[in-house]
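Shown here: target24.pdb, PDB, C-alpha atoms.
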ATOM      1  CA  MET J   1     -11.722  34.028  36.617
ATOM      2  CA  SER J   2     -12.615  34.410  32.978
ATOM      3  CA  GLU J   3      -9.121  35.482  31.957
ATOM      4  CA  LEU J   4      -7.535  33.016  29.596
ATOM      5  CA  ASN J   5      -3.814  32.469  29.312
ATOM      6  CA  LEU J   6      -3.166  30.656  26.070
ATOM      7  CA  THR J   7      -0.162  29.613  24.055
ATOM      8  CA  VAL J   8      -0.790  30.414  20.404
ATOM      9  CA  ASN J   9       1.821  29.267  17.895
ATOM     10  CA  GLY J  10       4.321  29.005  20.709
ATOM     11  CA  GLU J  11       3.728  32.517  22.060
ATOM     12  CA  PRO J  12       1.802  33.465  25.221
ATOM     13  CA  ARG J  13      -1.473  35.286  24.557
ATOM     14  CA  ARG J  14      -4.034  36.531  27.056
ATOM     15  CA  LEU J  15      -7.740  36.891  26.401
ATOM     16  CA  SER J  16      -9.849  38.937  28.851
ATOM     17  CA  ARG J  17     -13.154  37.175  28.271
ATOM     18  CA  PRO J  18     -14.489  33.731  27.336
ATOM     19  CA  ALA J  19     -13.833  32.872  23.727
ATOM     20  CA  THR J  20     -14.071  30.139  21.122
ATOM     21  CA  LEU J  21     -11.426  29.310  18.537
ATOM     22  CA  LEU J  22     -13.459  31.251  15.980
ATOM     23  CA  ASP J  23     -13.311  34.319  18.274
ATOM     24  CA  LEU J  24      -9.553  33.875  18.573
ATOM     25  CA  LEU J  25      -9.151  33.744  14.779
ATOM     26  CA  ALA J  26     -11.271  36.898  14.470
ATOM     27  CA  GLU J  27      -9.109  38.677  17.049
ATOM     28  CA  LEU J  28      -6.012  37.629  15.095
ATOM     29  CA  GLU J  29      -7.679  38.827  11.872
ATOM     30  CA  LEU J  30      -7.328  35.387  10.319
ATOM     31  CA  ASP J  31      -9.758  33.897   7.816
ATOM     32  CA  ALA J  32     -10.869  30.479   9.080
ATOM     33  CA  ARG J  33     -11.051  29.244   5.476
ATOM     34  CA  THR J  34      -7.320  29.691   4.928
ATOM     35  CA  VAL J  35      -5.951  28.094   8.110
ATOM     36  CA  VAL J  36      -6.060  24.816   9.995
ATOM     37  CA  VAL J  37      -6.279  24.867  13.792
ATOM     38  CA  GLU J  38      -5.051  22.435  16.412
ATOM     39  CA  LEU J  39      -6.246  22.721  20.016
ATOM     40  CA  ASN J  40      -4.043  20.816  22.467
ATOM     41  CA  ARG J  41      -2.739  18.638  19.592
ATOM     42  CA  GLU J  42      -6.205  17.840  18.275
ATOM     43  CA  ILE J  43      -7.359  19.199  14.917
ATOM     44  CA  ILE J  44     -10.573  21.192  15.202
ATOM     45  CA  ARG J  45     -12.475  21.083  11.946
ATOM     46  CA  ARG J  46     -13.691  24.346  10.455
ATOM     47  CA  PRO J  47     -17.411  23.847  11.180
ATOM     48  CA  ASP J  48     -16.558  23.188  14.843
ATOM     49  CA  LEU J  49     -14.356  26.238  15.461
ATOM     50  CA  GLY J  50     -17.292  28.284  16.756
ATOM     51  CA  ASP J  51     -18.177  25.580  19.288
ATOM     52  CA  ALA J  52     -14.647  25.025  20.578
ATOM     53  CA  ARG J  53     -14.487  27.020  23.840
ATOM     54  CA  LEU J  54     -11.014  27.943  24.976
ATOM     55  CA  ALA J  55      -9.829  27.131  28.498
ATOM     56  CA  ASP J  56      -7.001  28.580  30.545
ATOM     57  CA  GLY J  57      -3.700  26.941  29.602
ATOM     58  CA  ASP J  58      -4.844  25.770  26.157
ATOM     59  CA  ARG J  59      -2.233  25.388  23.456
ATOM     60  CA  VAL J  60      -3.365  26.479  20.018
ATOM     61  CA  GLU J  61      -1.534  25.967  16.722
ATOM     62  CA  ILE J  62      -2.664  27.820  13.620
ATOM     63  CA  VAL J  63      -1.076  26.682  10.374
ATOM     64  CA  HIS J  64      -1.374  27.311   6.661
ATOM     65  CA  PHE J  65       0.317  26.333   3.407
ATOM     66  CA  VAL J  66       3.587  28.015   2.511
ATOM     67  CA  GLY J  67       6.019  27.461  -0.333
ATOM     68  CA  GLY J  68       7.861  24.152  -0.105
ATOM     69  CA  GLY J  69       9.324  21.348  -2.162
TER      70      GLY J  69
ATOM     71  CA  MET R   1       8.870  27.840 -28.746
ATOM     72  CA  THR R   2       5.238  27.291 -27.858
ATOM     73  CA  ASP R   3       4.698  24.982 -30.837
ATOM     74  CA  ALA R   4       7.730  22.904 -29.920
ATOM     75  CA  LEU R   5       6.464  22.626 -26.353
ATOM     76  CA  GLN R   6       3.103  21.411 -27.529
ATOM     77  CA  THR R   7       4.304  18.875 -30.062
ATOM     78  CA  LEU R   8       6.983  17.157 -27.981
ATOM     79  CA  ALA R   9       4.667  15.190 -25.670
ATOM     80  CA  PRO R  10       5.110  11.601 -26.835
ATOM     81  CA  ALA R  11       2.125  10.421 -28.836
ATOM     82  CA  GLY R  12       0.421   7.380 -27.384
ATOM     83  CA  ASP R  13       1.903   7.816 -23.903
ATOM     84  CA  LEU R  14      -0.554   7.135 -21.113
ATOM     85  CA  PRO R  15      -1.381   9.767 -18.542
ATOM     86  CA  LEU R  16       0.334   9.368 -15.194
ATOM     87  CA  ALA R  17      -2.037   7.675 -12.733
ATOM     88  CA  ILE R  18      -1.453   8.017  -9.000
ATOM     89  CA  GLY R  19      -3.935   6.963  -6.332
ATOM     90  CA  GLY R  20      -6.868   6.877  -8.732
ATOM     91  CA  ARG R  21      -6.127  10.321 -10.220
ATOM     92  CA  SER R  22      -4.705  10.934 -13.619
ATOM     93  CA  PHE R  23      -2.197  13.636 -14.547
ATOM     94  CA  ARG R  24      -1.053  14.891 -17.940
ATOM     95  CA  SER R  25       2.287  16.298 -16.853
ATOM     96  CA  ARG R  26       5.109  14.095 -15.610
ATOM     97  CA  LEU R  27       6.861  17.092 -14.120
ATOM     98  CA  MET R  28       5.916  18.098 -10.578
ATOM     99  CA  VAL R  29       7.263  21.167  -8.880
ATOM    100  CA  GLY R  30       7.764  22.685  -5.472
ATOM    101  CA  THR R  31       6.874  26.228  -4.474
ATOM    102  CA  GLY R  32       9.771  27.044  -2.144
ATOM    103  CA  LYS R  33      12.723  29.413  -2.371
ATOM    104  CA  TYR R  34      11.591  31.608  -5.275
ATOM    105  CA  ARG R  35      12.623  35.275  -5.181
ATOM    106  CA  ASP R  36       8.982  36.290  -5.017
ATOM    107  CA  ASN R  37       5.523  34.872  -5.647
ATOM    108  CA  ALA R  38       5.196  36.455  -9.086
ATOM    109  CA  GLN R  39       8.331  34.676 -10.255
ATOM    110  CA  MET R  40       7.109  31.403  -8.759
ATOM    111  CA  VAL R  41       3.780  31.673 -10.568
ATOM    112  CA  ARG R  42       5.447  32.360 -13.928
ATOM    113  CA  ALA R  43       7.976  29.555 -13.508
ATOM    114  CA  ILE R  44       5.330  27.007 -12.507
ATOM    115  CA  ALA R  45       3.177  28.021 -15.472
ATOM    116  CA  ALA R  46       6.155  27.479 -17.783
ATOM    117  CA  THR R  47       6.721  23.940 -16.471
ATOM    118  CA  GLY R  48       3.180  22.888 -17.350
ATOM    119  CA  ALA R  49       3.097  21.021 -14.024
ATOM    120  CA  GLU R  50      -0.232  20.054 -12.497
ATOM    121  CA  ILE R  51       1.042  18.669  -9.193
ATOM    122  CA  VAL R  52       2.508  21.418  -7.027
ATOM    123  CA  THR R  53       3.897  20.787  -3.551
ATOM    124  CA  VAL R  54       3.337  22.994  -0.517
ATOM    125  CA  ALA R  55       4.507  22.873   3.095
ATOM    126  CA  VAL R  56       2.524  23.228   6.330
ATOM    127  CA  ARG R  57       3.839  25.884   8.717
ATOM    128  CA  ARG R  58       2.650  28.095  11.543
ATOM    129  CA  VAL R  59       0.942  31.309  10.514
ATOM    130  CA  ASP R  60       3.287  34.148  11.467
ATOM    131  CA  LEU R  61       1.065  36.092  13.865
ATOM    132  CA  ASP R  62       3.282  39.164  13.830
ATOM    133  CA  ARG R  63       3.060  39.462  10.064
ATOM    134  CA  ARG R  64      -0.399  38.044   9.607
ATOM    135  CA  LYS R  65      -1.140  40.119   6.524
ATOM    136  CA  GLU R  66       1.465  38.009   4.763
ATOM    137  CA  GLU R  67      -0.445  35.864   2.348
ATOM    138  CA  SER R  68      -0.362  32.106   2.275
ATOM    139  CA  VAL R  69       0.918  30.469  -0.900
ATOM    140  CA  LEU R  70      -2.713  29.709  -1.765
ATOM    141  CA  HIS R  71      -3.247  33.340  -2.678
ATOM    142  CA  HIS R  72      -0.977  32.740  -5.653
ATOM    143  CA  LEU R  73      -1.856  29.219  -6.788
ATOM    144  CA  ASP R  74      -5.224  28.410  -8.267
ATOM    145  CA  PRO R  75      -6.373  25.171  -6.589
ATOM    146  CA  ASP R  76      -8.621  24.496  -9.584
ATOM    147  CA  ARG R  77      -5.647  24.554 -11.908
ATOM    148  CA  HIS R  78      -3.053  22.886  -9.716
ATOM    149  CA  PHE R  79      -3.210  19.738  -7.672
ATOM    150  CA  LEU R  80      -1.866  20.762  -4.274
ATOM    151  CA  LEU R  81       0.363  18.125  -2.724
ATOM    152  CA  ALA R  82       1.098  18.860   0.936
ATOM    153  CA  ASN R  83       4.482  17.657   2.162
ATOM    154  CA  THR R  84       5.830  16.792   5.589
ATOM    155  CA  ALA R  85       9.192  18.453   4.965
ATOM    156  CA  GLY R  86      11.128  19.238   8.107
ATOM    157  CA  CYS R  87       9.713  16.288  10.065
ATOM    158  CA  TYR R  88      12.222  14.070  11.852
ATOM    159  CA  SER R  89       9.931  11.406  13.282
ATOM    160  CA  ALA R  90       6.981   9.327  12.126
ATOM    161  CA  ASP R  91       4.698  10.955  14.727
ATOM    162  CA  GLU R  92       5.619  14.455  13.615
ATOM    163  CA  ALA R  93       5.129  13.569   9.945
ATOM    164  CA  VAL R  94       1.709  12.045  10.667
ATOM    165  CA  ARG R  95       0.705  15.215  12.549
ATOM    166  CA  TYR R  96       1.740  17.439   9.635
ATOM    167  CA  ALA R  97       0.034  15.153   7.121
ATOM    168  CA  ARG R  98      -3.244  15.420   9.030
ATOM    169  CA  LEU R  99      -2.979  19.208   9.204
ATOM    170  CA  GLY R 100      -2.328  19.313   5.461
ATOM    171  CA  ARG R 101      -5.315  17.118   4.700
ATOM    172  CA  GLU R 102      -7.534  19.275   6.909
ATOM    173  CA  ALA R 103      -6.843  22.212   4.609
ATOM    174  CA  GLY R 104      -9.385  20.412   2.497
ATOM    175  CA  PHE R 105      -7.894  19.871  -0.953
ATOM    176  CA  ASN R 106      -7.190  16.136  -1.156
ATOM    177  CA  ASP R 107      -5.931  13.165   0.839
ATOM    178  CA  PHE R 108      -2.553  12.989  -0.895
ATOM    179  CA  VAL R 109       0.613  13.565   1.099
ATOM    180  CA  LYS R 110       4.231  13.761   0.024
ATOM    181  CA  LEU R 111       5.645  11.987   3.031
ATOM    182  CA  GLU R 112       9.099  12.948   4.236
ATOM    183  CA  VAL R 113      10.652  11.620   7.425
ATOM    184  CA  ILE R 114      14.147  13.032   7.540
ATOM    185  CA  GLY R 115      16.908  11.203   9.390
ATOM    186  CA  ASP R 116      19.868  13.567   9.213
ATOM    187  CA  ARG R 117      20.187  17.346   9.150
ATOM    188  CA  ASP R 118      23.288  17.511   6.959
ATOM    189  CA  THR R 119      22.224  15.222   4.144
ATOM    190  CA  LEU R 120      18.429  15.373   4.615
ATOM    191  CA  LEU R 121      18.447  11.665   3.812
ATOM    192  CA  PRO R 122      15.287   9.820   4.819
ATOM    193  CA  ASP R 123      14.827   7.852   8.034
ATOM    194  CA  THR R 124      13.520   4.754   6.295
ATOM    195  CA  ARG R 125      12.266   3.099   9.497
ATOM    196  CA  GLY R 126      10.272   6.210  10.420
ATOM    197  CA  LEU R 127       9.072   6.455   6.834
ATOM    198  CA  LEU R 128       7.643   2.927   6.900
ATOM    199  CA  GLU R 129       6.048   3.550  10.286
ATOM    200  CA  ALA R 130       4.387   6.767   9.139
ATOM    201  CA  THR R 131       3.317   5.177   5.847
ATOM    202  CA  ALA R 132       1.524   2.355   7.657
ATOM    203  CA  GLU R 133      -0.336   4.790   9.901
ATOM    204  CA  LEU R 134      -1.286   7.197   7.122
ATOM    205  CA  VAL R 135      -2.408   4.462   4.726
ATOM    206  CA  HIS R 136      -4.558   3.052   7.528
ATOM    207  CA  ASP R 137      -5.979   6.533   8.015
ATOM    208  CA  GLY R 138      -7.020   6.739   4.344
ATOM    209  CA  PHE R 139      -4.193   8.878   2.967
ATOM    210  CA  THR R 140      -2.754   8.508  -0.514
ATOM    211  CA  VAL R 141       0.932   8.369   0.360
ATOM    212  CA  LEU R 142       3.760   9.381  -1.959
ATOM    213  CA  ALA R 143       6.917   8.588  -0.029
ATOM    214  CA  TYR R 144      10.204  10.425  -0.471
ATOM    215  CA  THR R 145      12.932   7.834  -0.019
ATOM    216  CA  ASN R 146      16.495   6.993  -0.920
ATOM    217  CA  ASP R 147      17.491   4.959  -3.977
ATOM    218  CA  ASP R 148      17.434   1.653  -2.109
ATOM    219  CA  LEU R 149      15.360  -1.074  -3.771
ATOM    220  CA  ILE R 150      14.454  -2.897  -0.565
ATOM    221  CA  THR R 151      13.065   0.223   1.082
ATOM    222  CA  ALA R 152      11.127   1.008  -2.093
ATOM    223  CA  LEU R 153       9.635  -2.498  -2.133
ATOM    224  CA  ARG R 154       8.649  -2.222   1.531
ATOM    225  CA  LEU R 155       7.038   1.159   0.943
ATOM    226  CA  GLU R 156       5.019  -0.357  -1.879
ATOM    227  CA  ASP R 157       4.010  -3.262   0.372
ATOM    228  CA  ALA R 158       2.981  -0.773   3.062
ATOM    229  CA  GLY R 159       0.508   0.753   0.637
ATOM    230  CA  CYS R 160       2.253   3.774  -0.893
ATOM    231  CA  ALA R 161       0.505   5.066  -4.009
ATOM    232  CA  ALA R 162       3.872   6.183  -5.402
ATOM    233  CA  VAL R 163       7.480   5.836  -4.325
ATOM    234  CA  MET R 164       9.779   8.829  -4.731
ATOM    235  CA  PRO R 165      13.461   7.921  -4.673
ATOM    236  CA  LEU R 166      16.008  10.716  -4.773
ATOM    237  CA  ALA R 167      18.347  11.401  -7.681
ATOM    238  CA  SER R 168      20.751  12.974  -5.159
ATOM    239  CA  PRO R 169      20.272  14.854  -1.864
ATOM    240  CA  ILE R 170      17.578  17.530  -1.576
ATOM    241  CA  GLY R 171      18.761  20.866  -2.928
ATOM    242  CA  SER R 172      22.148  19.475  -4.009
ATOM    243  CA  GLY R 173      21.658  19.785  -7.767
ATOM    244  CA  LEU R 174      24.068  16.878  -8.257
ATOM    245  CA  GLY R 175      21.830  15.123 -10.761
ATOM    246  CA  LEU R 176      21.174  11.392 -11.035
ATOM    247  CA  LEU R 177      23.949   9.742  -9.028
ATOM    248  CA  ASN R 178      22.823   6.152  -9.409
ATOM    249  CA  PRO R 179      20.917   5.462 -12.614
ATOM    250  CA  MET R 180      21.060   1.700 -12.113
ATOM    251  CA  SER R 181      19.360   1.881  -8.702
ATOM    252  CA  ILE R 182      16.597   4.070 -10.055
ATOM    253  CA  ARG R 183      16.143   1.797 -13.074
ATOM    254  CA  THR R 184      15.993  -1.258 -10.829
ATOM    255  CA  ILE R 185      13.410   0.345  -8.544
ATOM    256  CA  LYS R 186      11.285   1.262 -11.552
ATOM    257  CA  GLN R 187      11.543  -2.250 -12.979
ATOM    258  CA  ARG R 188      10.584  -3.942  -9.720
ATOM    259  CA  LEU R 189       7.735  -1.744  -8.472
ATOM    260  CA  SER R 190       4.167  -1.727  -9.724
ATOM    261  CA  VAL R 191       3.252   1.686  -8.300
ATOM    262  CA  PRO R 192       4.537   4.831 -10.046
ATOM    263  CA  VAL R 193       8.141   5.831  -9.361
ATOM    264  CA  ILE R 194       8.669   9.589  -9.233
ATOM    265  CA  VAL R 195      12.243  10.776  -8.802
ATOM    266  CA  ASP R 196      12.251  13.523  -6.174
ATOM    267  CA  ALA R 197      15.208  15.747  -5.379
ATOM    268  CA  GLY R 198      18.667  16.302  -6.774
ATOM    269  CA  VAL R 199      17.981  17.304 -10.375
ATOM    270  CA  GLY R 200      20.130  20.367 -11.145
ATOM    271  CA  THR R 201      19.642  21.141 -14.806
ATOM    272  CA  ALA R 202      17.778  19.979 -17.888
ATOM    273  CA  SER R 203      20.177  17.176 -18.841
ATOM    274  CA  ASP R 204      19.724  15.670 -15.340
ATOM    275  CA  ALA R 205      15.965  15.624 -15.858
ATOM    276  CA  CYS R 206      16.314  14.079 -19.299
ATOM    277  CA  VAL R 207      18.683  11.319 -18.175
ATOM    278  CA  THR R 208      16.411  10.606 -15.213
ATOM    279  CA  MET R 209      13.326  10.215 -17.409
ATOM    280  CA  GLU R 210      15.339   7.994 -19.778
ATOM    281  CA  GLN R 211      15.580   5.446 -16.948
ATOM    282  CA  GLY R 212      11.863   4.826 -17.455
ATOM    283  CA  VAL R 213      10.572   6.461 -14.272
ATOM    284  CA  ASP R 214       7.062   7.881 -14.273
ATOM    285  CA  GLY R 215       7.918  11.457 -13.390
ATOM    286  CA  ILE R 216      10.163  13.932 -11.618
ATOM    287  CA  LEU R 217       9.556  16.355  -8.773
ATOM    288  CA  MET R 218      11.890  19.334  -8.509
ATOM    289  CA  ASN R 219      12.096  22.697  -6.780
ATOM    290  CA  THR R 220      15.572  24.145  -6.238
ATOM    291  CA  ALA R 221      16.712  23.590  -9.834
ATOM    292  CA  LEU R 222      14.043  26.065 -10.872
ATOM    293  CA  ALA R 223      13.992  28.448  -7.920
ATOM    294  CA  GLU R 224      17.773  28.888  -7.830
ATOM    295  CA  ALA R 225      18.326  29.182 -11.580
ATOM    296  CA  SER R 226      19.385  32.665 -12.671
ATOM    297  CA  ASP R 227      16.286  32.707 -14.865
ATOM    298  CA  PRO R 228      13.715  30.360 -13.277
ATOM    299  CA  VAL R 229      11.151  30.835 -16.053
ATOM    300  CA  LEU R 230      13.612  29.885 -18.787
ATOM    301  CA  MET R 231      14.848  26.921 -16.728
ATOM    302  CA  ALA R 232      11.219  25.891 -16.270
ATOM    303  CA  LYS R 233      10.796  25.747 -20.052
ATOM    304  CA  ALA R 234      14.041  23.771 -20.353
ATOM    305  CA  MET R 235      12.878  21.289 -17.711
ATOM    306  CA  ARG R 236       9.548  20.802 -19.421
ATOM    307  CA  LEU R 237      11.290  20.005 -22.705
ATOM    308  CA  ALA R 238      13.840  17.775 -20.955
ATOM    309  CA  VAL R 239      11.203  15.712 -19.163
ATOM    310  CA  GLU R 240       9.267  15.290 -22.384
ATOM    311  CA  ALA R 241      12.436  14.454 -24.349
ATOM    312  CA  GLY R 242      13.586  11.932 -21.749
ATOM    313  CA  ARG R 243      10.181  10.304 -21.671
ATOM    314  CA  ALA R 244      10.032  10.102 -25.465
ATOM    315  CA  ALA R 245      13.560   8.653 -25.632
ATOM    316  CA  PHE R 246      12.656   6.005 -23.071
ATOM    317  CA  LEU R 247       9.511   5.046 -24.970
ATOM    318  CA  ALA R 248      11.431   5.056 -28.260
ATOM    319  CA  GLY R 249      13.916   2.500 -26.911
ATOM    320  CA  ARG R 250      17.536   3.480 -27.195
ATOM    321  CA  MET R 251      20.097   1.654 -29.354
ATOM    322  CA  PRO R 252      22.413  -0.796 -27.593
ATOM    323  CA  ARG R 253      25.680   0.462 -26.147
ATOM    324  CA  ARG R 254      28.665  -1.060 -27.994
ATOM    325  CA  GLU R 255      32.270  -0.588 -27.073
ATOM    326  CA  ILE R 256      33.305  -0.736 -30.733
ATOM    327  CA  ALA R 257      32.607   1.528 -33.680
ATOM    328  CA  VAL R 258      30.067   0.459 -36.288
ATOM    329  CA  PRO R 259      30.092   2.487 -39.503
ATOM    330  CA  SER R 260      26.928   4.321 -40.429
ATOM    331  CA  SER R 261      27.774   4.500 -44.145
ATOM    332  CA  PRO R 262      27.927   1.412 -46.413
ATOM    333  CA  VAL R 263      31.268  -0.428 -46.391
ATOM    334  CA  ARG R 264      30.533  -1.777 -49.858
ATOM    335  CA  GLY R 265      30.837   0.358 -52.983
ATOM    336  CA  MET R 266      34.107   2.021 -52.059
ATOM    337  CA  LEU R 267      36.374   2.980 -55.017
ATOM    338  CA  GLU R 268      39.278   0.619 -55.864
TER     339      GLU R 268
END

Would you write the structure of this file as structure tokens?
Amino acid sequence: MSELNLTVNGEPRRLSRPATLLDLLAELELDARTVVVELNREIIRRPDLGDARLADGDRVEIVHFVGGG
Amino acid sequence: MTDALQTLAPAGDLPLAIGGRSFRSRLMVGTGKYRDNAQMVRAIAATGAEIVTVAVRRVDLDRRKEESVLHHLDPDRHFLLANTAGCYSADEAVRYARLGREAGFNDFVKLEVIGDRDTLLPDTRGLLEATAELVHDGFTVLAYTNDDLITALRLEDAGCAAVMPLASPIGSGLGLLNPMSIRTIKQRLSVPVIVDAGVGTASDACVTMEQGVDGILMNTALAEASDPVLMAKAMRLAVEAGRAAFLAGRMPRREIAVPSSPVRGMLE
């Protein structure tokens, strides 16, 4: 029941217990200060990451700045 | 070399003002395609650029220890300008612009809406659409566009803080293909005109600045030079030389010779 099947940056990812976006970033060893997160196409601001509970089927995008012109 | 670099900035020139911010350097640079980050950092330092562009991309979750470009650029020293490179529709560009703004540095965006994969020429309809939405949303929009005056005028009307016509296609290094178009755009617009893309070497940058434009944005000309740091120095000098030459006002072109030495006083 509590198992979550997510799509994170286009790849399937399964979480075994309830989690927020902040938990997901911690599991991925990502620093919330250096990334921007979209949940189902909606940007979740940094202060809200800990309140954003993930649901089965959610699509998460995690982006950052890379070199570009 | 350092003294020459410091003395060449034209005296009395105003700083470049875009969207309520003021910049000392008229040279802006990208951060893509360098051999490594150390080389990028040294090349950017040698350009003296303040505005530095970055792209928004997915974090690679398999190689998550790979550092973002922010680990190498000091956001206190550089003004980070997020781009929407790689976007082929207005909706996609707006999405990327919002992600870039959320990173929390500023509300500027270098807006690209590309219309063709071979030439990377802009989709001007999509560009105007995205501009309207982003301006409404409070963004300071710098729009990458072609060298068409009408599109440039419409982008200005739509609220762009700067219009960025190309010298030639992105990454082509072909230099300034249409000086008259660029000059016309500069003469007709009130917002700053920054030439973006196509500059290949220092003479291209100099000729471009001589058209009177407010600045140049470049990436590949530096990153793909055999010695990017030396090319960065050359570009800095070229932009300053071109700017100074424009402000100095060039002599008229004449299709006849006019002697420089007196014609009187010759021996019988």

Practice item. Could you give me, as a ChimeraX atom specification, the residues within 9 Å of region 106-122 of chain R, counting only C-alpha atoms and dropping anything in the same chain fewer than 2 positions from it? Key: /R:19,53,79-90,92-94,97-98,100-104,124-127,130-131,134,138-146,164,166,169-170

Exercise for review: Using CA of Asp227 (chain R) and CA of Asp204 (chain R) as the two end points, give the distance in Å to one decimal.
Suggested key: 17.4 Å

Review point. Which distance in Å separates CA of Asn37 (chain R) and CA of Arg21 (chain R), to one decimal?
Key: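 That distance, rounded to one decimal, is 27.6 Å.
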
**Study point:** Neighbours of chain R in chain J at 6 Å, counting all atoms listed in the file, as an MDAnalysis selection string
**Key:** chainID J and resid 62:69

Got time to write the residues from that selection, C-alpha atoms, as a PDB file, in the frame of the given file?
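Output saved as part13.pdb:
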ATOM      1  CA  ILE J  62      -2.664  27.820  13.620  1.00  0.00           C
ATOM      2  CA  VAL J  63      -1.076  26.682  10.374  1.00  0.00           C
ATOM      3  CA  HIS J  64      -1.374  27.311   6.661  1.00  0.00           C
ATOM      4  CA  PHE J  65       0.317  26.333   3.407  1.00  0.00           C
ATOM      5  CA  VAL J  66       3.587  28.015   2.511  1.00  0.00           C
ATOM      6  CA  GLY J  67       6.019  27.461  -0.333  1.00  0.00           C
ATOM      7  CA  GLY J  68       7.861  24.152  -0.105  1.00  0.00           C
ATOM      8  CA  GLY J  69       9.324  21.348  -2.162  1.00  0.00           C
TER       9      GLY J  69
END

Review point. What's the 12 Å shell around Ile150 (chain R), counting only C-alpha atoms, without same-chain residues fewer than 2 positions away, as JSON, numbers by chain?
Key: {"R": [124, 125, 128, 145, 146, 147, 148, 152, 153, 154, 155, 156, 157, 163, 165, 181, 182, 184, 185, 188, 189]}

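Around the point (-15.9, 38.2, 35.6), within 12 Å and counting all atoms listed in the file, we find these residues: Met1, Ser2, Glu3, Leu4, Ser16, Arg17 and Pro18 of chain J.
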
**Study point:** Hits of the PyMOL selection byres ((chain J and resi 39) around 8) in this structure, as an MDAnalysis selection string
**Key:** chainID J and resid 37:38 40:44 58:61

Revision key, fill the gap. As a check of understanding: the span from CA of Val41 (chain R) to CA of Leu230 (chain R) is 12.9 Å

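For Pro12 (chain J), the list of residues within 10 Å, based on only C-alpha atoms and with local chain neighbours fewer than 6 positions off taken out, reads J:Asn5, J:Leu6, J:Gly57, J:Arg59.
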
Include C-alpha atoms and write out the residues we just selected as an mmCIF file, keeping the file's coordinate frame.
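The resulting selection_32.cif:
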data_model
loop_
_atom_site.group_PDB
_atom_site.id
_atom_site.type_symbol
_atom_site.label_atom_id
_atom_site.label_comp_id
_atom_site.auth_asym_id
_atom_site.auth_seq_id
_atom_site.Cartn_x
_atom_site.Cartn_y
_atom_site.Cartn_z
ATOM 1 C CA ASN J 5 -3.814 32.469 29.312
ATOM 2 C CA LEU J 6 -3.166 30.656 26.070
ATOM 3 C CA GLY J 57 -3.700 26.941 29.602
ATOM 4 C CA ARG J 59 -2.233 25.388 23.456
#

Check your understanding: Out of R:Arg183, R:Arg35, R:Arg42, R:His72, which residue has the shortest atom-to-atom distance to Met231 (chain R) when counting all atoms listed in the file?
Key ->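 Among R:Arg183, R:Arg35, R:Arg42, R:His72, it is R:Arg42 that comes nearest to Met231 (chain R).
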
Exercise for review: For the structure shown, which residues end up in the PyMOL selection byres ((chain J and resi 47-54) around 6)? Put them as a PyMOL selection string, please?
Suggested key: chain J and resi 19-22+45-46+55

**Study point:** All residues 7 Å or closer to Val239 (chain R), all atoms listed in the file, same chain fewer than 6 positions away omitted, as a PyMOL selection string
**Key:** chain R and resi 27+205-206+209

Around all listed atoms of region 75-94 of chain R, padded 8 Å per side, what centre and edge lengths does the axis-aligned box have in Å to one decimal, as AutoDock Vina command-line options?
--center_x 1.8 --center_y 17.2 --center_z 1.4 --size_x 36.8 --size_y 31.8 --size_z 42.6

Review point. So which residues get picked by the PyMOL selection byres ((chain R and resi 14) around 12) here, written as a list in words?
Key: Ala9, Pro10, Ala11, Gly12, Asp13, Pro15, Leu16, Ala17, Ser22, Phe23, Arg24, Ser25, Arg26, Asp214, Arg243, Ala244 and Leu247 of chain R

Review point. From the set R:Ile51, R:Met266, R:Val258, R:Ala241, which residue has the shortest atom-to-atom contact distance to Val207 (chain R), counting all atoms listed in the file?
Key: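 Using all atoms listed in the file, Val207 (chain R) sits closest to R:Ala241.
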